[in-house]
$ cat structure23.csv   # CSV, C-alpha atoms
chain,number,residue,atom,x,y,z
I,130,MET,CA,1.6,55.6,14.9
I,131,ILE,CA,3.5,56.0,18.2
I,132,GLU,CA,7.1,57.0,17.7
I,133,ILE,CA,10.0,54.7,18.2
I,134,GLY,CA,11.9,55.6,21.4
I,135,THR,CA,8.7,56.7,23.2
I,136,PRO,CA,7.9,55.1,26.5
I,137,ALA,CA,5.0,52.7,25.8
I,138,PRO,CA,1.9,54.2,27.4
I,139,ASP,CA,0.9,51.9,30.2
I,140,PHE,CA,-2.6,50.5,30.3
I,141,THR,CA,-4.8,48.0,32.2
I,142,LEU,CA,-7.3,46.0,30.2
I,143,ARG,CA,-9.3,42.9,30.9
I,144,ASP,CA,-8.3,39.7,29.0
I,145,GLN,CA,-10.6,36.9,27.6
I,146,ASP,CA,-11.0,35.5,31.2
I,147,GLY,CA,-11.9,38.9,32.6
I,148,GLU,CA,-8.6,39.2,34.4
I,149,GLU,CA,-6.9,42.6,34.5
I,150,VAL,CA,-3.7,42.8,32.6
I,151,SER,CA,-1.3,45.8,32.7
I,152,LEU,CA,1.5,46.5,30.2
I,153,SER,CA,3.7,47.4,33.2
I,154,GLY,CA,3.2,43.8,34.4
I,155,TYR,CA,5.3,42.6,31.4
I,156,ARG,CA,8.3,44.8,32.4
I,157,GLY,CA,11.5,42.7,32.0
I,158,SER,CA,10.1,41.0,29.0
I,159,LYS,CA,9.7,42.1,25.4
I,160,VAL,CA,6.0,42.5,24.5
I,161,LEU,CA,4.6,42.5,21.0
I,162,LEU,CA,1.2,44.3,20.9
I,163,VAL,CA,-0.9,43.1,18.1
I,164,PHE,CA,-3.7,45.6,17.4
I,165,TYR,CA,-6.4,44.2,15.1
I,166,PRO,CA,-9.9,45.4,14.0
I,167,MET,CA,-12.3,42.8,15.3
I,168,ASP,CA,-12.8,39.2,16.5
I,169,PHE,CA,-14.6,37.1,13.9
I,170,SER,CA,-14.2,39.7,11.1
I,171,PRO,CA,-15.4,38.4,7.7
I,172,VAL,CA,-12.0,39.1,6.3
I,173,CYS,CA,-10.5,35.6,6.1
I,174,SER,CA,-7.6,36.4,8.3
I,175,ASP,CA,-5.1,33.9,9.7
I,176,GLN,CA,-3.1,36.5,11.5
I,177,LEU,CA,-3.5,35.2,15.1
I,178,SER,CA,-3.3,31.6,13.9
I,179,ILE,CA,0.0,32.3,12.1
I,180,TYR,CA,1.4,34.1,15.2
I,181,GLN,CA,0.2,31.2,17.4
I,182,GLU,CA,2.2,28.8,15.1
I,183,VAL,CA,5.4,30.8,15.9
I,184,THR,CA,4.8,31.5,19.6
I,185,PRO,CA,7.4,28.9,20.7
I,186,GLN,CA,10.0,30.8,18.6
I,187,LEU,CA,8.8,34.1,20.0
I,188,THR,CA,9.0,32.8,23.6
I,189,GLU,CA,12.6,31.6,22.9
I,190,LYS,CA,13.4,35.2,22.0
I,191,GLY,CA,11.8,36.5,25.2
I,192,VAL,CA,8.8,38.0,23.5
I,193,GLU,CA,5.2,37.9,24.9
I,194,LEU,CA,2.4,38.2,22.4
I,195,VAL,CA,-0.7,40.2,23.3
I,196,GLY,CA,-3.7,40.8,21.0
I,197,ILE,CA,-5.8,44.0,21.4
I,198,SER,CA,-9.1,44.9,19.8
I,199,VAL,CA,-12.2,46.8,20.8
I,200,ASP,CA,-14.2,43.6,21.4
I,201,HIS,CA,-15.5,42.7,24.8
I,202,VAL,CA,-14.0,39.9,26.9
I,203,TYR,CA,-16.8,37.5,26.0
I,204,ALA,CA,-16.1,37.9,22.3
I,205,HIS,CA,-12.4,37.4,23.0
I,206,LYS,CA,-13.0,34.2,24.9
I,207,ALA,CA,-15.1,32.8,22.1
I,208,PHE,CA,-12.7,33.9,19.4
I,209,GLN,CA,-9.7,32.4,21.3
I,210,GLU,CA,-11.6,29.1,21.5
I,211,LYS,CA,-12.7,29.2,17.9
I,212,LEU,CA,-9.2,29.8,16.7
I,213,GLY,CA,-7.6,27.4,19.1
I,214,ILE,CA,-5.1,29.9,20.2
I,215,GLU,CA,-3.6,30.7,23.6
I,216,THR,CA,-2.6,34.3,22.9
I,217,THR,CA,-3.9,36.7,25.5
I,218,LEU,CA,-6.6,38.9,24.0
I,219,LEU,CA,-7.3,42.2,25.7
I,220,ALA,CA,-10.5,44.2,25.5
I,221,ASP,CA,-9.9,47.8,24.5
I,222,PHE,CA,-13.6,48.2,25.1
I,223,GLU,CA,-14.4,51.0,27.5
I,224,PRO,CA,-13.5,53.8,26.8
I,225,LYS,CA,-13.7,52.3,23.3
I,226,GLY,CA,-10.3,52.2,21.6
I,227,GLU,CA,-8.6,54.3,24.2
I,228,VAL,CA,-5.4,52.2,24.2
I,229,ALA,CA,-5.4,51.9,20.4
I,230,ARG,CA,-5.7,55.7,20.3
I,231,ALA,CA,-2.7,56.1,22.7
I,232,TYR,CA,-0.6,54.0,20.3
I,233,GLY,CA,-1.9,55.8,17.1
I,234,SER,CA,-3.6,52.7,15.9
I,235,TYR,CA,-7.3,53.7,16.0
I,236,LEU,CA,-9.3,54.3,12.9
I,237,ASP,CA,-12.3,56.6,12.6
I,238,LEU,CA,-14.2,53.5,11.5
I,239,GLY,CA,-14.4,52.5,15.1
I,240,PHE,CA,-11.7,49.9,15.5
I,241,ALA,CA,-7.9,49.6,15.4
I,242,ASN,CA,-5.9,49.1,12.2
I,243,ARG,CA,-3.7,46.0,12.0
I,244,THR,CA,-0.6,47.3,13.6
I,245,LEU,CA,2.3,45.9,15.6
I,246,VAL,CA,4.2,47.6,18.4
I,247,LEU,CA,7.3,46.0,20.0
I,248,VAL,CA,8.0,47.2,23.5
I,249,ASP,CA,11.3,46.3,25.1
I,250,GLU,CA,12.1,45.1,28.6
I,251,ASP,CA,12.3,48.6,29.9
I,252,GLY,CA,8.9,49.6,28.5
I,253,LYS,CA,10.1,51.6,25.5
I,254,VAL,CA,8.6,51.3,22.0
I,255,VAL,CA,11.4,49.9,19.8
I,256,TRP,CA,9.6,49.0,16.6
I,257,THR,CA,6.2,49.5,15.0
I,258,TYR,CA,4.5,48.3,11.9
I,259,GLU,CA,1.4,49.7,10.3
I,260,SER,CA,-0.6,47.8,7.7
I,261,PRO,CA,-1.6,49.8,4.6
I,262,ASN,CA,-5.2,48.8,5.4
I,263,PRO,CA,-7.1,46.7,7.9
I,264,GLY,CA,-7.4,43.9,5.4
I,265,GLU,CA,-3.7,43.2,5.3
I,266,PHE,CA,-1.4,42.0,8.0
I,267,PRO,CA,2.4,41.4,8.4
I,268,GLY,CA,3.6,37.8,8.2
I,269,ALA,CA,5.6,36.1,10.9
I,270,ASN,CA,8.8,36.9,9.0
I,271,VAL,CA,8.2,40.6,9.5
I,272,ILE,CA,8.2,40.1,13.3
I,273,PHE,CA,11.4,38.1,13.2
I,274,ASP,CA,13.1,40.6,11.0
I,275,ALA,CA,12.3,43.2,13.6
I,276,LEU,CA,13.6,41.1,16.4
I,277,THR,CA,16.8,40.6,14.6
I,278,GLY,CA,17.1,44.3,14.1
I,279,VAL,CA,16.5,45.2,17.8
I,280,ALA,CA,18.5,42.3,19.2
I,281,ALA,CA,20.8,43.5,22.0
Y,261,MET,CA,14.1,27.8,13.4
Y,262,ASP,CA,15.1,31.0,11.7
Y,263,LEU,CA,12.0,32.8,10.7
Y,264,THR,CA,13.4,36.0,9.3
Y,265,SER,CA,12.4,37.0,5.7
Y,266,ALA,CA,13.7,34.9,2.9
Y,267,PRO,CA,12.4,34.5,-0.7
Y,268,ILE,CA,10.2,31.6,-1.5
Y,269,PRO,CA,12.7,28.8,-2.4
Y,270,PRO,CA,12.8,27.5,-6.0
Y,271,LEU,CA,11.7,23.9,-6.6
Y,272,VAL,CA,13.9,21.1,-5.3
Y,273,PRO,CA,13.8,17.4,-6.3
Y,274,ASP,CA,11.6,16.3,-3.4
Y,275,ASP,CA,8.9,19.0,-4.0
Y,276,HIS,CA,5.6,17.5,-5.0
Y,277,VAL,CA,4.8,18.7,-8.6
Y,278,ARG,CA,1.9,17.7,-10.8
Y,279,GLY,CA,1.1,18.9,-14.3
Y,280,GLU,CA,2.9,20.8,-17.0
Y,281,GLY,CA,3.2,24.3,-18.1
Y,282,GLU,CA,3.5,27.5,-16.1
Y,283,GLY,CA,5.1,26.7,-12.7
Y,284,LEU,CA,3.1,27.6,-9.6
Y,285,ILE,CA,3.9,26.9,-6.0
Y,286,VAL,CA,0.9,26.6,-3.7
Y,287,TYR,CA,1.2,26.7,0.1
Y,288,ALA,CA,-1.9,25.0,1.3
Y,289,ASP,CA,-3.4,23.7,4.5
Y,290,LEU,CA,-5.2,20.3,4.2
Y,291,GLY,CA,-7.6,21.4,6.9
Y,292,CYS,CA,-8.6,24.6,5.2
Y,293,PRO,CA,-11.9,25.0,3.4
Y,294,ARG,CA,-10.6,27.8,1.2
Y,295,CYS,CA,-7.8,25.6,0.1
Y,296,ALA,CA,-10.2,22.8,-0.7
Y,297,ALA,CA,-12.2,25.1,-3.0
Y,298,ALA,CA,-9.1,26.5,-4.6
Y,299,TRP,CA,-7.5,23.1,-5.1
Y,300,ALA,CA,-10.2,21.9,-7.4
Y,301,GLU,CA,-9.8,25.1,-9.5
Y,302,LEU,CA,-6.0,24.9,-9.5
Y,303,ALA,CA,-5.9,21.2,-10.4
Y,304,ALA,CA,-7.9,22.0,-13.6
Y,305,ARG,CA,-5.4,24.6,-14.8
Y,306,PRO,CA,-2.8,23.8,-17.5
Y,307,ALA,CA,0.1,24.5,-15.0
Y,308,ALA,CA,2.8,22.6,-13.1
Y,309,ILE,CA,1.5,22.9,-9.6
Y,310,ALA,CA,3.9,22.3,-6.6
Y,311,PHE,CA,2.1,21.6,-3.3
Y,312,ARG,CA,3.9,22.8,-0.2
Y,313,HIS,CA,2.7,22.0,3.3
Y,314,PHE,CA,1.3,24.9,5.4
Y,315,PRO,CA,-0.7,23.4,8.3
Y,316,LEU,CA,-2.0,25.9,10.8
Y,317,ALA,CA,-2.4,23.5,13.7
Y,318,SER,CA,-4.2,25.8,16.1
Y,319,LYS,CA,-6.9,26.6,13.5
Y,320,HIS,CA,-7.1,23.1,12.1
Y,321,PRO,CA,-6.0,20.6,14.7
Y,322,ARG,CA,-6.3,17.6,12.4
Y,323,ALA,CA,-4.2,19.3,9.6
Y,324,PRO,CA,-0.7,18.2,10.7
Y,325,ALA,CA,-1.8,14.5,10.7
Y,326,LEU,CA,-3.2,14.9,7.2
Y,327,HIS,CA,-0.1,16.5,5.9
Y,328,ALA,CA,1.9,13.6,7.4
Y,329,ALA,CA,-0.5,11.2,5.8
Y,330,ALA,CA,0.0,12.9,2.4
Y,331,GLU,CA,3.8,12.7,2.8
Y,332,ALA,CA,3.6,9.1,3.8
Y,333,ALA,CA,1.4,8.3,0.8
Y,334,GLY,CA,3.9,10.2,-1.3
Y,335,ARG,CA,6.7,7.9,-0.3
Y,336,GLN,CA,4.7,5.2,-2.0
Y,337,GLY,CA,3.9,7.3,-5.0
Y,338,ALA,CA,0.4,8.4,-4.1
Y,339,PHE,CA,0.9,12.0,-2.9
Y,340,PHE,CA,-1.5,13.8,-5.1
Y,341,GLU,CA,-4.1,11.0,-4.9
Y,342,MET,CA,-4.1,11.5,-1.2
Y,343,VAL,CA,-4.2,15.3,-1.4
Y,344,ASP,CA,-7.1,15.2,-4.0
Y,345,SER,CA,-9.0,12.8,-1.8
Y,346,LEU,CA,-8.4,14.7,1.5
Y,347,TYR,CA,-9.8,17.9,-0.1
Y,348,ALA,CA,-12.6,16.1,-1.9
Y,349,GLU,CA,-13.9,14.4,1.3
Y,350,ARG,CA,-13.1,16.8,4.1
Y,351,GLY,CA,-15.5,15.1,6.5
Y,352,ARG,CA,-13.7,11.8,6.2
Y,353,VAL,CA,-10.3,12.4,7.7
Y,354,ASP,CA,-10.1,10.2,10.8
Y,355,ASP,CA,-7.6,7.3,10.9
Y,356,PRO,CA,-10.1,4.7,9.6
Y,357,HIS,CA,-10.7,7.0,6.6
Y,358,LEU,CA,-7.0,7.4,6.0
Y,359,TRP,CA,-6.6,3.6,6.1
Y,360,GLU,CA,-9.4,3.2,3.6
Y,361,ARG,CA,-7.7,5.6,1.3
Y,362,ALA,CA,-4.3,3.9,1.7
Y,363,GLU,CA,-6.0,0.6,0.7
Y,364,ARG,CA,-7.8,2.2,-2.2
Y,365,PHE,CA,-4.5,3.6,-3.5
Y,366,GLY,CA,-2.9,0.2,-3.2
Y,367,LEU,CA,-0.4,1.3,-0.5
Y,368,ASP,CA,1.4,-1.0,2.0
Y,369,LEU,CA,-0.7,0.0,5.0
Y,370,GLU,CA,1.8,-0.9,7.6
Y,371,ARG,CA,4.5,1.1,5.9
Y,372,PHE,CA,2.0,4.0,5.5
Y,373,GLU,CA,1.2,3.9,9.2
Y,374,ARG,CA,4.9,3.8,10.1
Y,375,ASP,CA,6.0,6.5,7.7
Y,376,ARG,CA,3.4,9.1,8.7
Y,377,ARG,CA,4.6,9.0,12.3
Y,378,THR,CA,8.4,9.5,11.6
Y,379,GLU,CA,10.5,12.4,12.5
Y,380,GLU,CA,11.6,12.6,8.9
Y,381,VAL,CA,8.1,13.1,7.6
Y,382,ASP,CA,7.4,15.7,10.3
Y,383,ALA,CA,10.6,17.6,9.4
Y,384,ARG,CA,9.6,17.5,5.7
Y,385,VAL,CA,6.3,19.1,6.5
Y,386,ARG,CA,7.9,21.6,8.8
Y,387,ARG,CA,10.4,22.6,6.1
Y,388,ASP,CA,7.6,23.8,3.8
Y,389,LEU,CA,5.8,25.6,6.7
Y,390,GLU,CA,9.0,27.4,7.6
Y,391,SER,CA,9.8,28.4,4.0
Y,392,GLY,CA,6.2,29.7,3.7
Y,393,LEU,CA,6.5,31.7,7.0
Y,394,ARG,CA,9.8,33.2,5.9
Y,395,GLY,CA,8.4,34.0,2.5
Y,396,GLY,CA,5.6,36.0,4.0
Y,397,VAL,CA,2.7,33.7,3.6
Y,398,THR,CA,-0.2,35.2,5.6
Y,399,GLY,CA,-3.1,32.9,4.7
Y,400,THR,CA,-3.9,29.8,2.6
Y,401,PRO,CA,-3.9,29.1,-0.1
Y,402,ALA,CA,-0.9,31.2,-1.0
Y,403,VAL,CA,0.1,30.9,-4.7
Y,404,PHE,CA,3.5,32.0,-6.1
Y,405,SER,CA,5.0,31.8,-9.5
Y,406,GLU,CA,7.8,29.4,-9.5
Y,407,PRO,CA,11.0,31.3,-8.7
Y,408,HIS,CA,14.1,30.6,-10.7
Y,409,PRO,CA,17.4,30.4,-9.0
Y,410,GLY,CA,20.0,33.0,-9.8
$ encode --input "structure23.csv" --output "structure tokens"
Amino acid sequence: MIEIGTPAPDFTLRDQDGEEVSLSGYRGSKVLLVFYPMDFSPVCSDQLSIYQEVTPQLTEKGVELVGISVDHVYAHKAFQEKLGIETTLLADFEPKGEVARAYGSYLDLGFANRTLVLVDEDGKVVWTYESPNPGEFPGANVIFDALTGVAA
Amino acid sequence: MDLTSAPIPPLVPDDHVRGEGEGLIVYADLGCPRCAAAWAELAARPAAIAFRHFPLASKHPRAPALHAAAEAAGRQGAFFEMVDSLYAERGRVDDPHLWERAERFGLDLERFERDRRTEEVDARVRRDLESGLRGGVTGTPAVFSEPHPG
């Protein structure tokens, strides 16, 4: 995983609506990058639903939430609608997994592991979390612990 | 809302507990099919099961209303009847179905309707949701052994 203290590699990916989104566009805000394997994975995961539930609290703390997987924008749109979430989902589609690779989250299996990367207002990586395997993910409490830890 | 890590809280007097034996705490979503399947199995166990609310509103938009309905039914002594019924008949969860259940359980319908819309009931549901999030719940149903204070 990318080291804490490193400048977060900038990227430009398309979101679920096909709009281009750059990490540098979030400068001035904290960003939590949520790398995850795939939309609609058979692993019964509530990860993005749980994070959606605490989005108001994240916003209060000045954190923008962004999901990233190797899926294409159309899959992201359908997934967003299926889950009823508003979280921006970015397509790390072509070159496949390039952004996940830059953050040390890419698995040889062809998708990203479940990892979290917290980028501060100045674009620096201040906290990361790596799941022991793609089937597990950190609860909301882990995110808020980290925010307390990095609070200015 | 403080959402930093905290242990799953031990039982308190207004927790909803049914059965006797080994104490289990279940964080469940009344809109979740996995929970419906697990509930039938859990209900059959010789254990004291505590039900704690864990509605994921984005995934199950009807869930918060169902949890409020269960709380309201609970205020008239029919909490587990309502939960059992909501899981048993997941396709019948619109308001008319809730009214039919309230009548079936012998509840004061006007009071049920009033109670399920109160701030107090909403806060009670949110209290469980918050304790689950703080305790690291990442999916439902989430089953814990009853923690003991101290």
$ closest_residue --input "structure23.csv" --among "Y:Pro321, Y:Ala329, Y:Pro293, Y:Pro356" --to "Thr378 of chain Y" --atoms "all atoms listed in the file"
Y:Ala329
$ atom_distance --input "structure23.csv" --atom1 "atom CA of Leu161 of chain I" --atom2 "atom CA of Asp249 of chain I"
8.7 Å
$ residues_around --input "structure23.csv" --residues "Asp382 of chain Y" --least-positions-apart "3" --cutoff "9 Å" --atoms "all atoms listed in the file" --output "ChimeraX atom specification"
/Y:324,327-328,331,376-379,385-387
$ closest_atom_pairs --input "structure23.csv" --of "chain Y" --to "chain I" --cutoff "8 Å" --atoms "only C-alpha atoms" --output "tab-separated table"
residue	atom	partner	partner_atom	distance
Y:Met261	CA	I:Gln186	CA	7.3
Y:Leu263	CA	I:Asn270	CA	5.5
Y:Thr264	CA	I:Asn270	CA	4.7
Y:Ser265	CA	I:Asn270	CA	4.9
Y:Leu316	CA	I:Ser178	CA	6.6
Y:Ala317	CA	I:Glu182	CA	7.2
Y:Ser318	CA	I:Gly213	CA	4.8
Y:Lys319	CA	I:Leu212	CA	5.1
Y:Leu393	CA	I:Ala269	CA	5.9
Y:Arg394	CA	I:Asn270	CA	4.9
Y:Gly395	CA	I:Asn270	CA	7.1
Y:Gly396	CA	I:Gly268	CA	5.0
Y:Val397	CA	I:Gly268	CA	6.2
Y:Thr398	CA	I:Gly268	CA	5.3
Y:Gly399	CA	I:Asp175	CA	5.5
$ closest_residue --input "structure23.csv" --among "I:Phe240, I:Ser234, I:Leu162, I:Gly134" --to "Thr217 of chain I" --atoms "all atoms listed in the file"
I:Leu162
$ residues_around --input "structure23.csv" --residues "segment 137-145 of chain I" --least-positions-apart "4" --cutoff "8 Å" --atoms "all atoms listed in the file" --output "PDB file with C-alpha atoms, in the coordinates of the input"
ATOM      1  CA  GLU I 149      -6.900  42.600  34.500  1.00  0.00           C
ATOM      2  CA  VAL I 150      -3.700  42.800  32.600  1.00  0.00           C
ATOM      3  CA  SER I 151      -1.300  45.800  32.700  1.00  0.00           C
ATOM      4  CA  LEU I 152       1.500  46.500  30.200  1.00  0.00           C
ATOM      5  CA  SER I 153       3.700  47.400  33.200  1.00  0.00           C
ATOM      6  CA  VAL I 202     -14.000  39.900  26.900  1.00  0.00           C
ATOM      7  CA  TYR I 203     -16.800  37.500  26.000  1.00  0.00           C
ATOM      8  CA  ALA I 204     -16.100  37.900  22.300  1.00  0.00           C
ATOM      9  CA  HIS I 205     -12.400  37.400  23.000  1.00  0.00           C
ATOM     10  CA  LYS I 206     -13.000  34.200  24.900  1.00  0.00           C
ATOM     11  CA  GLN I 209      -9.700  32.400  21.300  1.00  0.00           C
ATOM     12  CA  THR I 217      -3.900  36.700  25.500  1.00  0.00           C
ATOM     13  CA  LEU I 218      -6.600  38.900  24.000  1.00  0.00           C
ATOM     14  CA  LEU I 219      -7.300  42.200  25.700  1.00  0.00           C
ATOM     15  CA  ALA I 220     -10.500  44.200  25.500  1.00  0.00           C
ATOM     16  CA  ASP I 221      -9.900  47.800  24.500  1.00  0.00           C
ATOM     17  CA  VAL I 228      -5.400  52.200  24.200  1.00  0.00           C
ATOM     18  CA  ALA I 231      -2.700  56.100  22.700  1.00  0.00           C
ATOM     19  CA  TYR I 232      -0.600  54.000  20.300  1.00  0.00           C
ATOM     20  CA  VAL I 248       8.000  47.200  23.500  1.00  0.00           C
ATOM     21  CA  GLY I 252       8.900  49.600  28.500  1.00  0.00           C
ATOM     22  CA  LYS I 253      10.100  51.600  25.500  1.00  0.00           C
ATOM     23  CA  VAL I 254       8.600  51.300  22.000  1.00  0.00           C
TER      24      VAL I 254
END
$ residues_around --input "structure23.csv" --residues "Val163 of chain I" --least-positions-apart "3" --cutoff "7 Å" --atoms "all atoms listed in the file" --output "CSV table (one decimal) with C-alpha atoms, keeping the file's coordinate frame"
chain,number,residue,atom,x,y,z
I,195,VAL,CA,-0.7,40.2,23.3
I,196,GLY,CA,-3.7,40.8,21.0
I,197,ILE,CA,-5.8,44.0,21.4
I,244,THR,CA,-0.6,47.3,13.6
I,245,LEU,CA,2.3,45.9,15.6
I,246,VAL,CA,4.2,47.6,18.4
$ residues_around --input "structure23.csv" --residues "Ile309 of chain Y" --least-positions-apart "5" --cutoff "12 Å" --atoms "all atoms listed in the file" --output "VMD selection string"
chain Y and resid 271 275 to 288 299 to 304 340 403 to 406
$ atom_distance --input "structure23.csv" --atom1 "atom CA of Ala362 of chain Y" --atom2 "atom CA of Arg322 of chain Y"
17.5 Å
$ atom_distance --input "structure23.csv" --atom1 "atom CA of Asp251 of chain I" --atom2 "atom CA of Ser158 of chain I"
8.0 Å
$ closest_residue --input "structure23.csv" --among "Y:Arg371, Y:Arg384, Y:Arg361, Y:His313" --to "Leu290 of chain Y" --atoms "only C-alpha atoms"
Y:His313
$ closest_residue --input "structure23.csv" --among "Y:Cys295, Y:Ala266, Y:Ala383, Y:Val272" --to "His408 of chain Y" --atoms "only C-alpha atoms"
Y:Val272
$ decode --input "structure23.csv" --residues "segment 152-165 of chain I" --atoms "C-alpha atoms" --output "short mmCIF file (atom, residue, chain, number, x, y, z; two decimals), in the first residue's frame"
data_model
loop_
_atom_site.label_atom_id
_atom_site.label_comp_id
_atom_site.auth_asym_id
_atom_site.auth_seq_id
_atom_site.Cartn_x
_atom_site.Cartn_y
_atom_site.Cartn_z
CA LEU I 152 -8.33 13.87 -7.38
CA SER I 153 -6.79 17.33 -7.61
CA GLY I 154 -10.32 18.70 -7.97
CA TYR I 155 -10.89 17.79 -4.33
CA ARG I 156 -7.95 19.87 -3.09
CA GLY I 157 -9.04 21.78 0.01
CA SER I 158 -11.18 18.89 1.21
CA LYS I 159 -10.28 15.57 2.75
CA VAL I 160 -11.00 12.63 0.44
CA LEU I 161 -11.50 9.03 1.43
CA LEU I 162 -10.73 6.73 -1.49
CA VAL I 163 -12.57 3.46 -1.12
CA PHE I 164 -11.02 0.84 -3.39
CA TYR I 165 -13.18 -2.24 -3.79
#
